[in-house]
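> See structure11.txt below, with compact mmCIF, C-alpha atoms and all ligand atoms.
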```txt
# COMPACT_ATOMS: atom_id res chain seq x y z
CA MET A 1 95.82 20.82 131.93
CA GLY A 2 97.49 18.20 134.12
CA LEU A 3 95.55 15.22 135.35
CA SER A 4 95.78 16.05 139.04
CA LYS A 5 94.61 19.56 138.33
CA LEU A 6 91.67 18.22 136.38
CA ALA A 7 90.78 15.92 139.24
CA GLY A 8 90.85 18.96 141.48
CA ALA A 9 88.54 20.76 139.12
CA VAL A 10 86.09 17.90 139.27
CA LEU A 11 86.20 17.85 143.04
CA LEU A 12 85.26 21.49 143.15
CA LEU A 13 82.43 21.24 140.67
CA PRO A 14 78.96 21.90 141.91
CA VAL A 15 77.11 18.76 140.97
CA PHE A 16 73.59 19.11 139.72
CA ALA A 17 71.82 15.81 139.74
CA VAL A 18 69.14 16.34 137.17
CA GLN A 19 66.63 14.11 135.48
CA PRO A 20 68.25 10.71 135.60
CA SER A 21 67.91 9.17 132.19
CA GLU A 22 65.30 6.49 131.83
CA VAL A 23 67.56 4.35 129.74
CA SER A 24 70.82 3.70 131.46
CA ALA A 25 74.12 2.45 130.20
CA GLN A 26 73.80 -0.83 132.04
CA HIS A 27 70.33 -1.50 130.73
CA LEU A 28 70.71 -1.01 127.06
CA ARG A 29 68.58 -3.94 126.00
CA VAL A 30 65.73 -1.78 124.85
CA PRO A 31 63.96 -2.20 121.53
CA ALA A 32 65.79 -0.32 118.82
CA GLN A 33 64.02 2.88 117.90
CA VAL A 34 64.20 3.12 114.17
CA ARG A 35 63.03 6.68 113.75
CA PRO A 36 65.77 8.74 112.16
CA HIS A 37 67.23 11.42 114.32
CA THR A 38 67.27 14.85 112.81
CA VAL A 39 70.04 16.77 114.46
CA SER A 40 68.84 20.17 115.53
CA ALA A 41 71.64 21.00 117.92
CA PRO A 42 75.43 21.15 117.74
CA ILE A 43 77.22 17.82 118.21
CA TYR A 44 79.76 17.55 121.01
CA GLU A 45 82.28 14.87 121.85
CA ILE A 46 83.49 13.24 125.01
CA THR A 47 87.18 14.03 125.19
CA GLU A 48 88.15 12.43 128.49
CA ILE A 49 86.91 9.74 130.84
CA ILE A 50 87.64 10.16 134.52
CA ASN A 51 86.99 6.91 136.35
CA ASP A 52 89.94 6.52 138.68
CA PRO A 53 88.32 5.96 142.13
CA ASP A 54 90.73 8.44 143.71
CA ARG A 55 89.50 11.17 141.44
CA LEU A 56 85.77 10.72 141.80
CA SER A 57 84.47 13.31 144.18
CA GLU A 58 81.68 11.44 145.85
CA PRO A 59 80.09 8.02 146.24
CA GLY A 60 77.57 6.95 143.66
CA ILE A 61 79.64 8.17 140.72
CA ALA A 62 81.22 5.67 138.34
CA ALA A 63 82.78 8.13 135.91
CA TYR A 64 82.86 11.67 134.63
CA TYR A 65 82.81 12.20 130.88
CA LYS A 66 84.33 15.51 129.90
CA VAL A 67 82.52 17.23 127.04
CA ASN A 68 84.38 19.49 124.58
CA THR A 69 82.68 22.75 125.43
CA LYS A 70 84.87 25.78 126.04
CA GLY A 71 84.22 25.52 129.76
CA ASP A 72 84.20 22.60 132.20
CA PHE A 73 81.23 20.41 131.49
CA TYR A 74 80.90 16.77 132.50
CA ILE A 75 78.30 14.05 132.11
CA THR A 76 78.24 12.09 135.33
CA HIS A 77 77.78 8.35 134.96
CA ASN A 78 76.26 7.22 138.24
CA THR A 79 76.73 3.78 139.78
CA ASP A 80 72.98 3.21 139.63
CA SER A 81 73.32 3.48 135.84
CA THR A 82 71.74 6.88 135.54
CA PHE A 83 73.36 10.00 134.15
CA SER A 84 73.52 13.50 135.52
CA LEU A 85 75.63 16.59 134.90
CA ALA A 86 78.44 18.49 136.55
CA TYR A 87 79.44 22.02 135.55
CA ARG A 88 80.26 25.42 136.89
CA SER A 89 77.45 27.96 136.89
CA GLU A 90 80.01 30.68 136.19
CA ASP A 91 80.89 28.97 132.91
CA ILE A 92 77.31 29.47 131.80
CA THR A 93 77.30 33.14 132.62
CA LYS A 94 80.62 33.49 130.77
CA GLY A 95 79.01 31.79 127.74
CA LEU A 96 81.50 28.92 127.76
CA LEU A 97 79.02 26.07 127.56
CA PHE A 98 76.06 25.94 125.15
CA PRO A 99 74.17 28.52 123.10
CA GLU A 100 71.39 30.05 125.17
CA LYS A 101 67.98 28.44 124.71
CA ALA A 102 64.59 28.53 126.39
CA ALA A 103 63.87 25.93 129.06
CA GLY A 104 63.24 22.49 127.59
CA GLN A 105 65.06 23.23 124.33
CA LEU A 106 67.89 21.08 123.07
CA VAL A 107 71.24 22.88 123.38
CA GLY A 108 73.59 20.10 122.32
CA ILE A 109 74.00 16.44 121.55
CA VAL A 110 76.97 14.50 122.92
CA ASP A 111 78.02 11.45 120.91
CA ALA A 112 78.25 8.46 123.28
CA ALA A 113 80.29 6.30 120.88
CA SER A 114 83.62 7.34 122.31
CA VAL A 115 82.70 5.79 125.64
CA GLY A 116 81.42 2.66 123.92
CA PHE A 117 77.65 3.22 124.11
CA PRO A 118 75.21 3.39 121.25
CA GLY A 119 73.42 6.69 120.84
CA GLY A 120 74.10 9.95 122.55
CA PHE A 121 73.20 12.35 125.30
CA GLU A 122 70.68 15.10 124.70
CA ILE A 123 71.51 18.18 126.70
CA ARG A 124 68.60 20.54 127.29
CA SER A 125 68.25 23.91 128.85
CA ALA A 126 66.60 23.61 132.26
CA GLY A 127 65.85 27.27 132.74
CA LYS A 128 68.06 29.72 134.53
CA ALA A 129 71.71 28.63 134.38
CA ALA A 130 70.93 24.91 134.41
CA TYR A 131 70.89 21.94 132.08
CA SER A 132 69.42 18.46 132.03
CA VAL A 133 70.63 15.30 130.31
CA ASN A 134 68.78 12.47 128.64
CA TYR A 135 70.44 9.36 127.25
CA ALA A 136 68.94 8.42 123.86
CA SER A 137 70.12 5.15 122.37
CA HIS A 138 68.77 5.80 118.88
CA ILE A 139 70.95 8.81 118.04
CA LYS A 140 73.31 8.07 115.16
CA SER A 141 77.01 8.40 115.92
CA SER A 142 78.74 11.43 114.45
CA VAL A 143 81.80 9.27 113.70
CA SER A 144 81.68 8.41 110.01
CA LEU A 145 80.72 4.74 109.31
CA LEU A 146 80.56 3.78 113.01
CA HIS A 147 77.49 2.02 114.34
CA ILE A 148 76.97 0.54 117.82
CA PRO A 149 73.63 -1.31 117.91
CA THR A 150 71.31 -0.60 120.83
CA HIS A 151 71.51 -4.15 122.24
CA THR A 152 75.20 -3.91 123.06
CA GLN A 153 78.02 -1.71 124.27
CA VAL A 154 81.81 -1.91 124.09
CA SER A 155 84.63 -0.86 126.38
CA SER A 156 85.67 2.76 126.10
CA THR A 157 89.19 1.61 125.16
CA TYR A 158 87.87 -0.49 122.29
CA ALA A 159 85.66 2.37 121.12
CA LYS A 160 88.54 4.81 121.29
CA ASN A 161 90.89 2.54 119.32
CA MET A 162 88.24 1.74 116.72
CA ILE A 163 87.38 5.42 116.24
CA SER A 164 91.02 6.35 115.75
CA ALA A 165 91.43 3.43 113.30
CA ILE A 166 88.45 4.71 111.28
CA LYS A 167 89.85 8.24 111.37
CA SER A 168 93.22 7.00 110.08
CA LEU A 169 91.64 5.97 106.76
CA PRO A 170 91.91 8.37 103.80
CA GLU A 171 88.96 10.75 103.94
CA PRO A 172 87.69 10.10 100.37
CA PHE A 173 87.69 6.35 101.10
CA THR A 174 85.60 6.76 104.26
CA SER A 175 83.17 9.22 102.75
CA GLU A 176 82.64 7.17 99.59
CA LEU A 177 81.91 4.03 101.64
CA ALA A 178 79.52 6.04 103.82
CA LYS A 179 77.80 7.26 100.66
CA GLN A 180 77.38 3.64 99.55
CA GLY A 181 75.65 2.78 102.84
CA ILE A 182 78.55 0.87 104.39
CA THR A 183 78.81 0.79 108.18
CA VAL A 184 81.34 -0.47 110.70
CA MET A 185 79.36 -2.28 113.35
CA ILE A 186 81.05 -2.94 116.66
CA ALA A 187 79.68 -4.95 119.57
CA LYS A 188 80.84 -6.36 122.88
CA ASP A 189 81.48 -9.91 121.68
CA TYR A 190 80.66 -12.55 119.05
CA ASN A 191 77.30 -13.15 120.73
CA ASP A 192 76.17 -9.56 120.27
CA ALA A 193 77.88 -9.15 116.91
CA TYR A 194 77.30 -12.50 115.19
CA TYR A 195 74.81 -14.80 116.93
CA TYR A 196 72.35 -11.97 117.57
CA TYR A 197 71.90 -11.37 113.84
CA TYR A 198 72.68 -14.84 112.49
CA PRO A 199 71.35 -17.47 114.90
CA SER A 200 72.38 -20.28 112.55
CA TRP A 201 76.01 -19.36 113.18
CA LYS A 202 75.50 -20.18 116.85
CA GLU A 203 74.21 -23.59 115.84
CA TYR A 204 77.18 -24.05 113.55
CA ASP A 205 79.61 -23.17 116.35
CA ARG A 206 77.87 -25.56 118.71
CA TRP A 207 78.94 -28.61 116.74
CA LYS A 208 82.03 -27.26 115.06
CA THR A 209 85.27 -28.25 116.78
CA GLU A 210 88.59 -26.50 116.25
CA ASP A 211 91.75 -28.58 116.24
CA PRO A 212 94.67 -26.43 117.44
CA ALA A 213 97.02 -28.77 115.59
CA LYS A 214 95.47 -27.73 112.28
CA PRO A 215 95.87 -24.28 110.73
CA PRO A 216 92.76 -22.07 110.63
CA TYR A 217 92.40 -22.86 106.91
CA GLU A 218 94.20 -25.16 104.53
CA ILE A 219 94.05 -26.95 101.24
CA THR A 220 93.50 -30.64 101.83
CA PRO A 221 93.04 -33.45 99.29
CA LYS A 222 89.32 -32.60 99.57
CA GLY A 223 89.97 -28.98 98.67
CA TYR A 224 90.01 -25.73 100.63
CA VAL A 225 88.85 -26.12 104.21
CA ASP A 226 88.12 -23.46 106.81
CA ASN A 227 88.68 -24.92 110.27
CA ARG A 228 87.37 -21.98 112.26
CA LYS A 229 84.28 -21.37 114.27
CA TYR A 230 82.51 -18.10 113.76
CA SER A 231 83.37 -17.12 117.33
CA SER A 232 87.11 -17.19 116.61
CA THR A 233 86.86 -14.93 113.59
CA GLY A 234 87.85 -11.35 114.23
CA GLY A 235 85.42 -9.79 111.82
CA PHE A 236 83.54 -10.19 108.60
CA PHE A 237 81.87 -8.21 105.92
CA ILE A 238 78.22 -8.96 105.33
CA ASP A 239 75.09 -7.04 104.33
CA LYS A 240 77.10 -3.84 103.80
CA LYS A 241 78.46 -4.07 107.33
CA ALA A 242 81.99 -4.61 108.55
CA VAL A 243 81.20 -6.41 111.81
CA ILE A 244 84.05 -6.41 114.34
CA PRO A 245 83.44 -7.61 117.91
CA GLN A 246 85.55 -6.56 120.89
CA ILE A 247 85.74 -10.08 122.37
CA VAL A 248 86.26 -13.22 120.27
CA THR A 249 87.51 -16.71 121.07
CA GLN A 250 91.05 -17.84 120.43
CA TYR A 251 91.35 -20.31 117.57
CA GLY A 252 91.85 -23.83 118.87
CA THR A 253 91.41 -23.09 122.59
CA GLY A 254 88.08 -21.30 122.81
CA LYS A 255 89.63 -18.91 125.33
CA LEU A 256 88.05 -15.46 125.30
CA VAL A 257 90.28 -12.75 123.87
CA ASP A 258 89.50 -9.10 124.52
CA ARG A 259 90.82 -6.99 121.66
CA SER A 260 90.26 -3.60 123.32
CA ASP A 261 93.96 -2.77 123.59
CA SER A 262 95.13 -4.43 120.36
CA LYS A 263 95.48 -1.32 118.21
CA ASP A 264 97.35 -3.00 115.33
CA TYR A 265 94.85 -5.84 115.26
CA ILE A 266 91.92 -3.40 115.16
CA VAL A 267 93.49 -1.47 112.28
CA ARG A 268 94.30 -4.68 110.38
CA VAL A 269 90.80 -6.15 110.73
CA LEU A 270 89.08 -2.85 109.97
CA TYR A 271 91.15 -2.14 106.86
CA HIS A 272 90.74 -5.71 105.59
CA GLU A 273 86.95 -5.72 106.06
CA LEU A 274 86.65 -2.32 104.42
CA GLY A 275 88.73 -3.72 101.57
CA HIS A 276 85.82 -6.12 101.06
CA ALA A 277 83.43 -3.19 101.42
CA LEU A 278 85.15 -1.39 98.56
CA ASP A 279 85.19 -4.57 96.47
CA TYR A 280 81.43 -5.06 96.90
CA ALA A 281 80.29 -1.42 97.09
CA TYR A 282 79.05 -1.32 93.49
CA SER A 283 76.98 -3.51 91.21
CA SER A 284 79.83 -5.84 90.32
CA ALA A 285 82.82 -6.79 92.43
CA PHE A 286 86.21 -5.42 91.39
CA SER A 287 87.76 -8.77 92.29
CA ASP A 288 85.55 -10.39 89.62
CA SER A 289 86.67 -8.04 86.86
CA ASP A 290 88.60 -9.56 83.98
CA SER A 291 91.65 -7.44 84.72
CA PHE A 292 91.83 -8.48 88.36
CA LYS A 293 91.15 -12.11 87.48
CA SER A 294 94.05 -12.27 85.07
CA ALA A 295 96.39 -10.30 87.35
CA HIS A 296 95.62 -12.67 90.23
CA ALA A 297 96.07 -15.72 88.02
CA LEU A 298 99.45 -14.45 86.83
CA ASP A 299 100.56 -13.58 90.36
CA VAL A 300 99.84 -17.02 91.78
CA LYS A 301 101.26 -18.80 88.74
CA SER A 302 104.78 -18.39 90.08
CA PHE A 303 103.89 -19.45 93.64
CA SER A 304 106.08 -22.08 95.27
CA ASP A 305 104.41 -24.83 97.31
CA GLU A 306 105.48 -22.86 100.38
CA ASP A 307 103.73 -19.72 99.08
CA LYS A 308 100.61 -21.70 98.27
CA LYS A 309 100.48 -22.94 101.82
CA ASN A 310 101.42 -19.70 103.56
CA LEU A 311 99.24 -17.48 101.42
CA VAL A 312 96.45 -20.01 100.99
CA TYR A 313 93.77 -17.52 102.00
CA PHE A 314 94.64 -15.17 99.14
CA TYR A 315 95.76 -17.84 96.74
CA ASN A 316 92.43 -19.57 97.14
CA SER A 317 90.23 -16.49 96.98
CA ARG A 318 90.48 -13.43 94.76
CA SER A 319 88.16 -11.44 97.00
CA GLU A 320 90.37 -12.11 100.04
CA ALA A 321 93.42 -11.06 98.04
CA PHE A 322 91.60 -7.89 97.00
CA ALA A 323 90.60 -7.05 100.59
CA HIS A 324 94.03 -7.66 102.06
CA LEU A 325 95.89 -5.87 99.28
CA THR A 326 93.64 -2.86 99.76
CA ALA A 327 94.50 -2.98 103.47
CA ALA A 328 98.20 -3.19 102.58
CA LEU A 329 98.07 -0.25 100.14
CA LEU A 330 96.22 1.94 102.64
CA GLY A 331 98.84 1.21 105.30
CA GLY A 332 96.76 -1.08 107.53
CA LEU A 333 99.25 -3.96 107.73
CA SER A 334 102.63 -4.34 109.40
CA LYS A 335 105.63 -3.58 107.20
CA ASP A 336 106.53 -7.29 106.99
CA GLU A 337 103.07 -8.44 106.05
CA ALA A 338 102.64 -5.61 103.54
CA ALA A 339 105.96 -6.58 101.95
CA VAL A 340 104.79 -10.18 101.52
CA MET A 341 101.42 -9.19 100.08
CA LEU A 342 102.68 -6.46 97.77
CA SER A 343 105.54 -8.55 96.39
CA LYS A 344 103.64 -11.81 95.96
CA PHE A 345 100.58 -10.15 94.42
CA LYS A 346 102.29 -7.33 92.59
CA ARG A 347 100.02 -7.30 89.53
CA SER A 348 96.85 -7.53 91.59
CA ALA A 349 98.08 -4.77 93.91
CA GLU A 350 98.88 -2.51 90.98
CA ILE A 351 95.34 -2.85 89.61
CA ILE A 352 93.89 -1.76 92.94
CA ARG A 353 96.38 1.12 93.25
CA GLU A 354 96.12 2.32 89.67
CA ASP A 355 92.56 1.53 88.60
CA VAL A 356 90.33 0.97 91.61
CA LEU A 357 91.35 3.38 94.38
CA PRO A 358 91.50 6.46 92.10
CA ARG A 359 87.84 5.87 91.17
CA ILE A 360 86.90 6.81 94.73
CA GLY A 361 89.40 9.63 94.94
CA VAL A 362 92.23 7.79 96.68
CA ASN A 363 95.47 8.39 94.79
CA ILE A 364 98.54 6.63 96.10
CA SER A 365 101.74 6.96 94.09
CA VAL A 366 104.35 4.24 93.71
CA GLU A 367 106.70 6.63 95.52
CA ASP A 368 104.28 6.96 98.45
CA ILE A 369 104.24 3.21 98.82
CA ARG A 370 108.00 2.86 98.53
CA LYS A 371 108.49 5.57 101.09
CA ASN A 372 105.88 4.54 103.64
CA ILE A 373 104.92 0.92 103.13
CA TYR A 374 107.19 -1.30 101.06
CA PRO A 375 110.50 0.02 99.66
CA ASP A 376 110.64 -2.46 96.75
CA TYR A 377 107.12 -1.88 95.43
CA ASN A 378 107.15 -2.37 91.63
CA ARG A 379 110.91 -2.91 91.57
CA LYS A 380 112.79 -5.89 90.29
CA ALA A 381 113.85 -7.08 93.72
CA PRO A 382 114.74 -10.48 95.16
CA PRO A 383 111.55 -12.36 96.11
CA VAL A 384 110.28 -11.92 99.66
CA LYS A 385 110.17 -15.22 101.53
CA THR A 386 106.89 -16.32 103.07
CA SER A 387 107.75 -17.96 106.34
CA GLN A 388 104.41 -18.82 107.90
CA VAL A 389 100.71 -19.08 107.19
CA ILE A 390 99.19 -15.61 107.25
CA SER A 391 96.19 -15.86 109.49
CA ILE A 392 93.31 -13.63 108.64
CA PRO A 393 90.83 -12.83 111.35
CA ASP A 394 87.80 -13.11 109.17
CA MET A 395 85.51 -15.60 107.59
CA PRO A 396 85.51 -16.15 103.86
CA ARG A 397 82.31 -14.81 102.46
CA ASP A 398 81.40 -17.98 100.67
CA LEU A 399 81.44 -20.22 103.74
CA VAL A 400 77.80 -20.63 104.58
CA PRO A 401 77.22 -23.39 107.06
CA GLN A 402 74.81 -26.01 105.78
CA LEU A 403 72.65 -27.15 108.61
CA ALA A 404 70.19 -30.04 108.57
ZN ZN A 501 88.24 -11.30 104.27
```
How would this structure read if it were set down as C-alpha cells?

Amino acid sequence: MGLSKLAGAVLLLPVFAVQPSEVSAQHLRVPAQVRPHTVSAPIYEITEIINDPDRLSEPGIAAYYKVNTKGDFYITHNTDSTFSLAYRSEDITKGLLFPEKAAGQLVGIVDAASVGFPGGFEIRSAGKAAYSVNYASHIKSSVSLLHIPTHTQVSSTYAKNMISAIKSLPEPFTSELAKQGITVMIAKDYNDAYYYYYPSWKEYDRWKTEDPAKPPYEITPKGYVDNRKYSSTGGFFIDKKAVIPQIVTQYGTGKLVDRSDSKDYIVRVLYHELGHALDYAYSSAFSDSDSFKSAHALDVKSFSDEDKKNLVYFYNSRSEAFAHLTAALLGGLSKDEAAVMLSKFKRSAEIIREDVLPRIGVNISVEDIRKNIYPDYNRKAPPVKTSQVISIPDMPRDLVPQLA
C-alpha cells in the first residue's frame, strides 16, 4: 500500500474517541508498577507511525500508530497526550480485527516499545462493534531483552533502530541471555539511563572535566587512565543490564549527541555490551578463565608501541577485549574494525569462537567469518596496521568513582 493511499485511508476512517488513557505518553513519570503482567490476549505490534501533519485528518491528533491486525486499525495519539482509536466498523464485521469478546474483555495487547514508550496498549471490547484503549506502562515488551523503564521514553526512530539491532543478533544468543536475566535498557538520555539509577555518577560528572586534547583513555606514567565522564559514554553493562541511552554528550565538548539515527553506532554499542553480558552471564567470567588469560597474554605480547596505544582499551583489559571480540565475531563491527580486532587478538578471538559461543548454541565457522567478516581470519597474513585509537563508547567496569 502506497503512503498517499494510506493517508487517504486514515482520512476516511471513522474516528471513535474512546476512554482517553489516564496515563499519557507525555506524562510517564508515574511510579513503576512492579506487578508482573500475565498476558491473556494476543500481542500486536505497531507497524507504522503516521505523524506527517499533512496526513493527519483532524486537529488534536499528533500521530496514528498502525497496528498489525488484518484490517485497518490505528491507535490515535492525541495532542493532549491521550490515546484513542481509529478503525472501520466494517473491518470488525468482516472479522479482520480482534477475536470477538464480551464487553470489557481484553482482545489484544499492543507493544508500545516500537514507538519508544514503555509498556503497551490494552485493547478491550466495548460492546457492539467497538473497542477501547488503555495505556499501561507496566506491560513488559514483547521484544526479547528490551526494557524501557516507566520514567522515560525514547524517540520512535531510536526504538526502531534498537529493536532491529536486537533482532539482528543470532537467536540462540538472544534467548540464552534472556534466560540468564539479561536486559537491554534504553532511555532518553544519560540522565534517565545513568544518573537516575546511580546518583553518584552525576556527582562524579559534576567535577570531572574532559580535555578534548587528550584521548578518552590512555596509559600514562601513572598507569591506565579513563578521561571520560559518564555522560559521554555510549553505554555500559551493569547489574545484568546493557544500558544504552539515546542522547549522550560528546567527549571533550559536552555537546549533546542524539544517536537515534546512528544505526551502526547502535549495533556496535549493543553488541559490545552484550559481549560483556555473555562474559558475565555465569558464575565465573569467561575472560578470567585460564585459557582466555593465556591467549590474551600471547596476543598482546607481540604488540608494537603503536598497537599498545591504539588498542589500549583491549590491551589493558581482558574483559573489554572479550566484549569487543564477541561483537566482532557476531558481525557488530565495521569490516575495518573487525579486521583489526580479529587479527591483533587472534588467539583470544578463536577461544570465543571455538569454546565460548558454541556453549550457548552459536556456531560460527572459520569460513563464515572469512566470507562475511574478515577474509584473513586464522590465516598467515601480513599484519593489519592499527592507525588510530579505537574509541569504545562504554565505561570500563572497574572504574568506580571514589567520592569523598
Ligand atoms: Zn566494554
> 12 Å from ligand ZN 501 (chain A) is the threshold here; counting only C-alpha atoms and all ligand atoms, which polymer residues fall inside it? Answer as a PyMOL selection string.
chain A and resi 233-238+242-244+268-280+313-314+316-327+391-399
> For the atom pair atom CA of A:Asn134 and atom CA of A:Val110, what is the interatomic distance in Å to one decimal place?
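About the pair atom CA of A:Asn134 and atom CA of A:Val110: they are 10.2 Å apart.
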> Can you build me a table of stretch 186-214 of chain A residues sitting at most 9 Å from stretch 245-263 of chain A, with the closest atom pair per residue and its distance in Å to one decimal, using only C-alpha atoms, sorted by chain and residue number, as a tab-separated table?

```
residue	atom	partner	partner_atom	distance
A:Ile186	CA	A:Pro245	CA	5.4
A:Ala187	CA	A:Pro245	CA	4.9
A:Lys188	CA	A:Gln246	CA	5.1
A:Asp189	CA	A:Ile247	CA	4.3
A:Tyr190	CA	A:Val248	CA	5.8
A:Asn191	CA	A:Pro245	CA	8.7
A:Asp192	CA	A:Pro245	CA	7.9
A:Ala193	CA	A:Pro245	CA	5.9
A:Tyr194	CA	A:Pro245	CA	8.3
A:Thr209	CA	A:Gly252	CA	8.2
A:Glu210	CA	A:Gly252	CA	5.0
A:Asp211	CA	A:Gly252	CA	5.4
A:Pro212	CA	A:Gly252	CA	4.1
A:Ala213	CA	A:Gly252	CA	7.9
A:Lys214	CA	A:Gly252	CA	8.5
```
> Measuring atom to atom with only C-alpha atoms, identify which of A:Ala112, A:Ala102, A:Ile61, A:Leu146 is nearest to A:Thr47.
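Nearest candidate to A:Thr47 out of A:Ala112, A:Ala102, A:Ile61, A:Leu146: A:Ala112.
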> Which polymer residues, protein or nucleic acid, are no farther than 8 Å from (106.6, 0.3, 99.2), counting only C-alpha atoms, as a list in words?
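Residues close enough to count: Ala339, Leu342, Val366, Glu367, Asp368, Ile369, Arg370, Lys371, Asn372, Ile373, Tyr374, Pro375, Asp376 and Tyr377 of chain A.
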> Using only C-alpha atoms - which residues lie no farther than 10 Å from the point (98.7, -5.1, 92.5) in the file's frame? Write them as a PyMOL selection string.
chain A and resi 292+295-296+299+321-322+325-326+329+341-355+377-378
> Between A:Ile390, A:Pro199, A:Val384, A:Asn363, which residue has the minimum interatomic distance to A:Pro170, considering all atoms listed in the file?
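Of the candidates, the smallest distance to A:Pro170 is held by A:Asn363.
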> Can you work out the spacing between atom CA of A:Val154 and atom CA of A:Ala113 in Å, to one decimal?
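Computing the Euclidean distance for atom CA of A:Val154 and atom CA of A:Ala113 yields 8.9 Å.
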> In Å to one decimal, how far is atom CA of A:Leu357 from atom CA of A:Leu145?
18.4 Å
> Quick one: residues within 12 Å of A:Lys179, all atoms listed in the file counted, chain neighbours fewer than 2 positions away excluded, as a ChimeraX atom specification?
/A:144-145,172-177,181-183,240,277-278,281-282,360
